[in-house]
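Student: File structure-v7.cif below, mmCIF, C-alpha atoms:
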data_upload
#
loop_
_atom_site.group_PDB
_atom_site.id
_atom_site.type_symbol
_atom_site.label_atom_id
_atom_site.label_comp_id
_atom_site.auth_asym_id
_atom_site.auth_seq_id
_atom_site.Cartn_x
_atom_site.Cartn_y
_atom_site.Cartn_z
ATOM 1 C CA MET W 1 -0.329 16.542 5.142
ATOM 2 C CA ASP W 2 3.373 16.617 4.530
ATOM 3 C CA CYS W 3 5.283 13.527 5.631
ATOM 4 C CA VAL W 4 8.162 15.795 6.728
ATOM 5 C CA ILE W 5 6.063 17.087 9.641
ATOM 6 C CA TRP W 6 5.429 13.525 10.828
ATOM 7 C CA GLU W 7 9.120 12.740 10.461
ATOM 8 C CA GLU W 8 10.219 15.814 12.417
ATOM 9 C CA ARG W 9 7.782 14.968 15.212
ATOM 10 C CA THR W 10 9.067 11.380 15.332
ATOM 11 C CA VAL W 11 12.736 12.413 15.515
ATOM 12 C CA GLU W 12 11.922 15.054 18.143
ATOM 13 C CA MET W 13 10.061 12.512 20.278
ATOM 14 C CA VAL W 14 12.842 9.938 20.070
ATOM 15 C CA LYS W 15 15.395 12.518 21.156
ATOM 16 C CA LYS W 16 13.188 13.577 24.090
ATOM 17 C CA GLY W 17 13.083 9.924 25.112
ATOM 18 C CA LYS W 18 16.854 10.104 25.551
ATOM 19 C CA ILE W 19 17.428 7.917 22.545
ATOM 20 C CA VAL W 20 19.957 10.321 21.130
ATOM 21 C CA LYS W 21 20.940 8.778 17.843
ATOM 22 C CA GLU W 22 21.744 10.080 14.443
ATOM 23 C CA ARG W 23 18.778 10.064 12.102
ATOM 24 C CA GLU W 24 20.166 7.055 10.217
ATOM 25 C CA ASP W 25 20.537 5.069 13.443
ATOM 26 C CA ILE W 26 16.891 5.271 14.472
ATOM 27 C CA LYS W 27 15.090 2.028 13.697
ATOM 28 C CA VAL W 28 11.374 2.366 13.044
ATOM 29 C CA CYS W 29 8.697 -0.313 12.940
ATOM 30 C CA PHE W 30 5.710 0.626 10.794
ATOM 31 C CA ALA W 31 2.703 -1.492 11.789
ATOM 32 C CA ALA W 32 -0.762 -1.638 10.249
ATOM 33 C CA SER W 33 -3.441 -4.143 9.525
ATOM 34 C CA SER W 34 -4.397 -4.739 5.919
ATOM 35 C CA GLY W 35 -6.623 -2.582 3.737
ATOM 36 C CA GLY W 36 -7.230 1.069 4.524
ATOM 37 C CA HIS W 37 -5.048 1.074 7.636
ATOM 38 C CA PHE W 38 -2.138 -0.160 5.561
ATOM 39 C CA GLU W 39 -2.876 2.378 2.823
ATOM 40 C CA GLN W 40 -2.673 5.151 5.426
ATOM 41 C CA LEU W 41 0.618 3.825 6.720
ATOM 42 C CA SER W 42 2.009 3.626 3.202
ATOM 43 C CA MET W 43 1.579 7.405 2.953
ATOM 44 C CA LEU W 44 4.598 7.562 5.268
ATOM 45 C CA ARG W 45 6.760 5.802 2.668
ATOM 46 C CA PRO W 46 9.284 8.698 2.564
ATOM 47 C CA MET W 47 9.932 8.065 6.275
ATOM 48 C CA MET W 48 10.253 4.339 5.619
ATOM 49 C CA GLU W 49 12.936 5.060 3.045
ATOM 50 C CA THR W 50 14.768 7.555 5.274
ATOM 51 C CA TYR W 51 15.160 5.321 8.314
ATOM 52 C CA ASP W 52 16.264 1.795 8.958
ATOM 53 C CA SER W 53 12.759 0.423 9.055
ATOM 54 C CA PHE W 54 10.548 -2.583 8.629
ATOM 55 C CA ILE W 55 6.837 -3.215 8.238
ATOM 56 C CA ILE W 56 4.462 -5.463 10.125
ATOM 57 C CA THR W 57 1.079 -6.118 8.551
ATOM 58 C CA GLU W 58 -1.541 -8.827 8.305
ATOM 59 C CA GLU W 59 -1.115 -11.797 6.033
ATOM 60 C CA THR W 60 -3.952 -11.661 3.536
ATOM 61 C CA ASP W 61 -4.575 -12.396 -0.118
ATOM 62 C CA TYR W 62 -3.932 -8.684 -0.650
ATOM 63 C CA ASN W 63 -0.190 -8.334 -0.059
ATOM 64 C CA ALA W 64 0.441 -5.257 -2.163
ATOM 65 C CA LEU W 65 3.992 -4.522 -1.164
ATOM 66 C CA LYS W 66 5.754 -7.858 -1.089
ATOM 67 C CA SER W 67 8.603 -6.702 -3.283
ATOM 68 C CA SER W 68 8.745 -2.990 -2.472
ATOM 69 C CA MET W 69 10.341 -3.361 0.970
ATOM 70 C CA GLU W 70 12.978 -5.790 2.071
ATOM 71 C CA LYS W 71 11.738 -6.330 5.590
ATOM 72 C CA VAL W 72 8.057 -7.136 5.814
ATOM 73 C CA TYR W 73 6.675 -9.360 8.566
ATOM 74 C CA TYR W 74 3.196 -10.794 8.611
ATOM 75 C CA MET W 75 0.780 -11.288 11.477
ATOM 76 C CA ARG W 76 -2.249 -13.487 11.520
ATOM 77 C CA GLN W 77 -5.393 -11.568 10.587
ATOM 78 C CA VAL W 78 -7.654 -11.043 13.605
ATOM 79 C CA ASN W 79 -11.404 -10.557 13.589
ATOM 80 C CA ARG W 80 -12.817 -9.709 17.015
ATOM 81 C CA LYS W 81 -16.088 -11.462 16.201
ATOM 82 C CA GLU W 82 -14.469 -14.844 15.513
ATOM 83 C CA HIS W 83 -14.348 -17.437 18.265
ATOM 84 C CA MET W 84 -10.556 -17.880 17.764
ATOM 85 C CA VAL W 85 -9.756 -14.217 18.457
ATOM 86 C CA LEU W 86 -7.777 -14.882 21.657
ATOM 87 C CA PHE W 87 -5.822 -17.708 20.052
ATOM 88 C CA CYS W 88 -4.937 -15.474 17.085
ATOM 89 C CA MET W 89 -3.887 -12.661 19.418
ATOM 90 C CA MET W 90 -1.598 -15.048 21.321
ATOM 91 C CA ILE W 91 0.017 -16.221 18.089
ATOM 92 C CA ASN W 92 0.546 -12.597 17.078
ATOM 93 C CA PHE W 93 1.986 -11.788 20.482
ATOM 94 C CA PHE W 94 4.653 -14.478 20.155
ATOM 95 C CA ARG W 95 5.389 -13.504 16.548
ATOM 96 C CA SER W 96 5.702 -9.878 17.674
ATOM 97 C CA CYS W 97 8.106 -10.859 20.456
ATOM 98 C CA ARG W 98 10.316 -12.654 17.953
ATOM 99 C CA ILE W 99 10.249 -9.748 15.514
ATOM 100 C CA PHE W 100 10.912 -7.195 18.254
ATOM 101 C CA HIS W 101 13.857 -9.210 19.570
ATOM 102 C CA LYS W 102 15.316 -9.558 16.080
ATOM 103 C CA GLU W 103 14.785 -5.984 14.852
ATOM 104 C CA LYS W 104 15.024 -3.966 18.107
ATOM 105 C CA PRO W 105 13.092 -0.876 16.950
ATOM 106 C CA ASP W 106 13.402 2.473 18.727
ATOM 107 C CA VAL W 107 9.949 3.594 17.595
ATOM 108 C CA VAL W 108 6.728 1.866 16.546
ATOM 109 C CA VAL W 109 4.419 3.862 14.269
ATOM 110 C CA CYS W 110 1.015 2.210 14.061
ATOM 111 C CA THR W 111 -2.294 2.864 12.325
ATOM 112 C CA GLY W 112 -3.995 -0.168 13.904
ATOM 113 C CA VAL W 113 -5.924 -2.403 14.437
ATOM 114 C CA LEU W 114 -6.274 -5.663 16.413
ATOM 115 C CA ALA W 115 -3.412 -7.664 14.923
ATOM 116 C CA MET W 116 -1.032 -4.785 15.707
ATOM 117 C CA ILE W 117 -1.872 -4.455 19.399
ATOM 118 C CA PRO W 118 0.798 -6.972 20.489
ATOM 119 C CA ILE W 119 3.703 -5.103 18.852
ATOM 120 C CA CYS W 120 2.462 -1.850 20.413
ATOM 121 C CA LEU W 121 2.251 -3.402 23.884
ATOM 122 C CA ILE W 122 5.686 -4.962 23.540
ATOM 123 C CA ALA W 123 7.150 -1.608 22.498
ATOM 124 C CA LYS W 124 5.763 0.002 25.633
ATOM 125 C CA LEU W 125 6.939 -2.872 27.850
ATOM 126 C CA MET W 126 10.420 -2.468 26.374
ATOM 127 C CA ARG W 127 10.259 1.292 27.011
ATOM 128 C CA LYS W 128 10.351 2.218 23.354
ATOM 129 C CA LYS W 129 8.363 5.015 21.773
ATOM 130 C CA LEU W 130 4.899 4.372 20.379
ATOM 131 C CA ILE W 131 3.175 6.638 17.876
ATOM 132 C CA TYR W 132 -0.421 5.805 17.061
ATOM 133 C CA ILE W 133 -2.375 7.373 14.201
ATOM 134 C CA GLU W 134 -6.154 7.051 14.532
ATOM 135 C CA SER W 135 -7.978 6.005 11.380
ATOM 136 C CA PHE W 136 -8.822 8.609 8.748
ATOM 137 C CA ALA W 137 -12.268 7.009 8.533
ATOM 138 C CA LYS W 138 -13.081 8.027 12.112
ATOM 139 C CA VAL W 139 -14.454 11.558 12.069
ATOM 140 C CA THR W 140 -16.543 11.688 15.267
ATOM 141 C CA THR W 141 -16.166 8.372 17.106
ATOM 142 C CA PRO W 142 -13.115 6.417 18.301
ATOM 143 C CA THR W 143 -12.000 2.968 17.249
ATOM 144 C CA GLU W 144 -11.709 0.266 19.918
ATOM 145 C CA THR W 145 -7.964 0.017 19.290
ATOM 146 C CA GLY W 146 -7.670 3.810 19.388
ATOM 147 C CA ARG W 147 -9.231 3.901 22.856
ATOM 148 C CA LEU W 148 -6.571 1.512 24.138
ATOM 149 C CA MET W 149 -3.652 3.128 22.317
ATOM 150 C CA TYR W 150 -4.657 6.611 23.473
ATOM 151 C CA ARG W 151 -3.834 5.540 27.018
ATOM 152 C CA ILE W 152 -0.379 4.163 26.237
ATOM 153 C CA ALA W 153 0.943 5.947 23.128
ATOM 154 C CA ASP W 154 3.700 8.518 23.508
ATOM 155 C CA GLN W 155 2.137 10.471 20.678
ATOM 156 C CA PHE W 156 -1.421 9.981 19.494
ATOM 157 C CA TYR W 157 -2.489 11.600 16.238
ATOM 158 C CA VAL W 158 -5.988 12.252 14.930
ATOM 159 C CA GLN W 159 -6.689 13.134 11.323
ATOM 160 C CA TRP W 160 -9.821 15.199 11.892
ATOM 161 C CA GLU W 161 -10.016 18.245 14.145
ATOM 162 C CA SER W 162 -13.403 17.042 15.423
ATOM 163 C CA MET W 163 -11.643 14.023 16.983
ATOM 164 C CA LEU W 164 -9.933 16.323 19.490
ATOM 165 C CA GLU W 165 -13.245 16.268 21.348
ATOM 166 C CA VAL W 166 -12.898 12.501 21.712
ATOM 167 C CA TYR W 167 -9.134 12.555 22.357
ATOM 168 C CA PRO W 168 -8.381 15.944 23.979
ATOM 169 C CA ASN W 169 -4.629 15.305 24.343
ATOM 170 C CA ALA W 170 -4.188 14.079 20.786
ATOM 171 C CA ILE W 171 -2.172 15.890 18.130
ATOM 172 C CA TYR W 172 -3.995 17.139 15.053
ATOM 173 C CA LEU W 173 -1.888 17.856 11.965
ATOM 174 C CA GLY W 174 -4.516 17.139 9.329
ATOM 175 C CA GLY W 175 -5.070 14.034 7.273
ATOM 176 C CA ILE W 176 -2.276 11.690 6.377
ATOM 177 C CA TYR W 177 -3.460 11.615 2.735
#
What would the structure in this file look like if it were written as structure tokens?
Tutor:
Amino acid sequence: MDCVIWEERTVEMVKKGKIVKEREDIKVCFAASSGGHFEQLSMLRPMMETYDSFIITEETDYNALKSSMEKVYYMRQVNRKEHMVLFCMMINFFRSCRIFHKEKPDVVVCTGVLAMIPICLIAKLMRKKLIYIESFAKVTTPTETGRLMYRIADQFYVQWESMLEVYPNAIYLGGIY
């Protein structure tokens, strides 16, 4: 799918939210956990280069884009099966608050998962726009994070037409790849 379509939808949504700014003045937070979620988000690189933007991702041994973007923030990696999951989520919440206060994004574009929930919730609490893109790997069933984000996202995208059965109000534009 063409990144231009995603960009046009994002600008249109921000304007509808009465954030009437010039394209260059819109600040966008791109948030994704590591691995495949981050790879999907990186497909929106043309948007990242068009807008004043920054990235939030998980801190792992695989930090592929350390030098390719100036503003990259790292969250603690969260595994829902670990006993420290709530502690890690709290740390990420406070880190997200600090980042949000410093950067003041107009829009958060997120491909998930757990470590990114705090920045998404903060965006909604601060009445900013939230765009969530469900995982390309999910063809017939939802992710846990997707179920939550579907309820709060201003725009919720699925990458498979079959996922419209799971998320009837979602937007299908094809795969992000």
Student: On this structure, the PyMOL selection byres ((chain W and resi 115) around 10) would catch which residues? List them as an MDAnalysis selection string, sorted by chain and number.
Tutor: chainID W and resid 31:34 56:58 74:80 85 88:93 96 112:114 116:120 145
Student: Compile the contact shell of Ile55 of chain W as a count of residues only: residues with an atom at most 9 Å away, counting only C-alpha atoms, same-chain residues fewer than 4 positions apart removed.
Tutor: 11
Student: Rounded to one decimal in Å, what is the spacing between atom CA of Glu59 of chain W and atom CA of Gly35 of chain W?
Tutor: 11.0 Å
Student: Determine the nearest neighbour of Val109 of chain W from the options W:Tyr132, W:Met43, W:Glu144, W:Gly36, counting all atoms listed in the file.
Tutor: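 Looking at the shortest contact to Val109 of chain W, the residue is W:Tyr132.
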Student: Could you list the residues chosen by the PyMOL selection byres ((chain W and resi 27) around 7) in this structure as a PyMOL selection string?
Tutor: chain W and resi 25-26+28-29+51-53+105-107
Student: Just say which residues the PyMOL selection byres ((chain W and resi 162) around 12) picks in this file, as a list in words.
Tutor: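 Written out, the selection comes to Phe136, Lys138, Val139, Thr140, Thr141, Pro142, Val158, Gln159, Trp160, Glu161, Met163, Leu164, Glu165, Val166, Tyr167, Pro168, Ala170, Ile171, Tyr172 and Gly174 of chain W.
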Student: For Asp154 of chain W, which residue out of W:Leu130, W:Leu125, W:Val108, W:Cys97 is the nearest one, using only C-alpha atoms?
Tutor: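 Closest candidate: W:Leu130.
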Student: Here is a test: counting only C-alpha atoms, which residue of W:Thr111, W:Glu49, W:Ile122, W:Tyr177 is nearest to Ser135 of chain W?
Tutor: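 For Ser135 of chain W, the nearest of the given residues is W:Thr111.
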Student: What does the distance between atom CA of Phe54 of chain W and atom CA of Phe100 of chain W come to in Å, to one decimal place?
Tutor: 10.7 Å
Student: Take atom CA of Arg147 of chain W and atom CA of Phe94 of chain W and report the distance between them in Å, one decimal.
Tutor: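 Straight-line distance from atom CA of Arg147 of chain W to atom CA of Phe94 of chain W works out to 23.2 Å.
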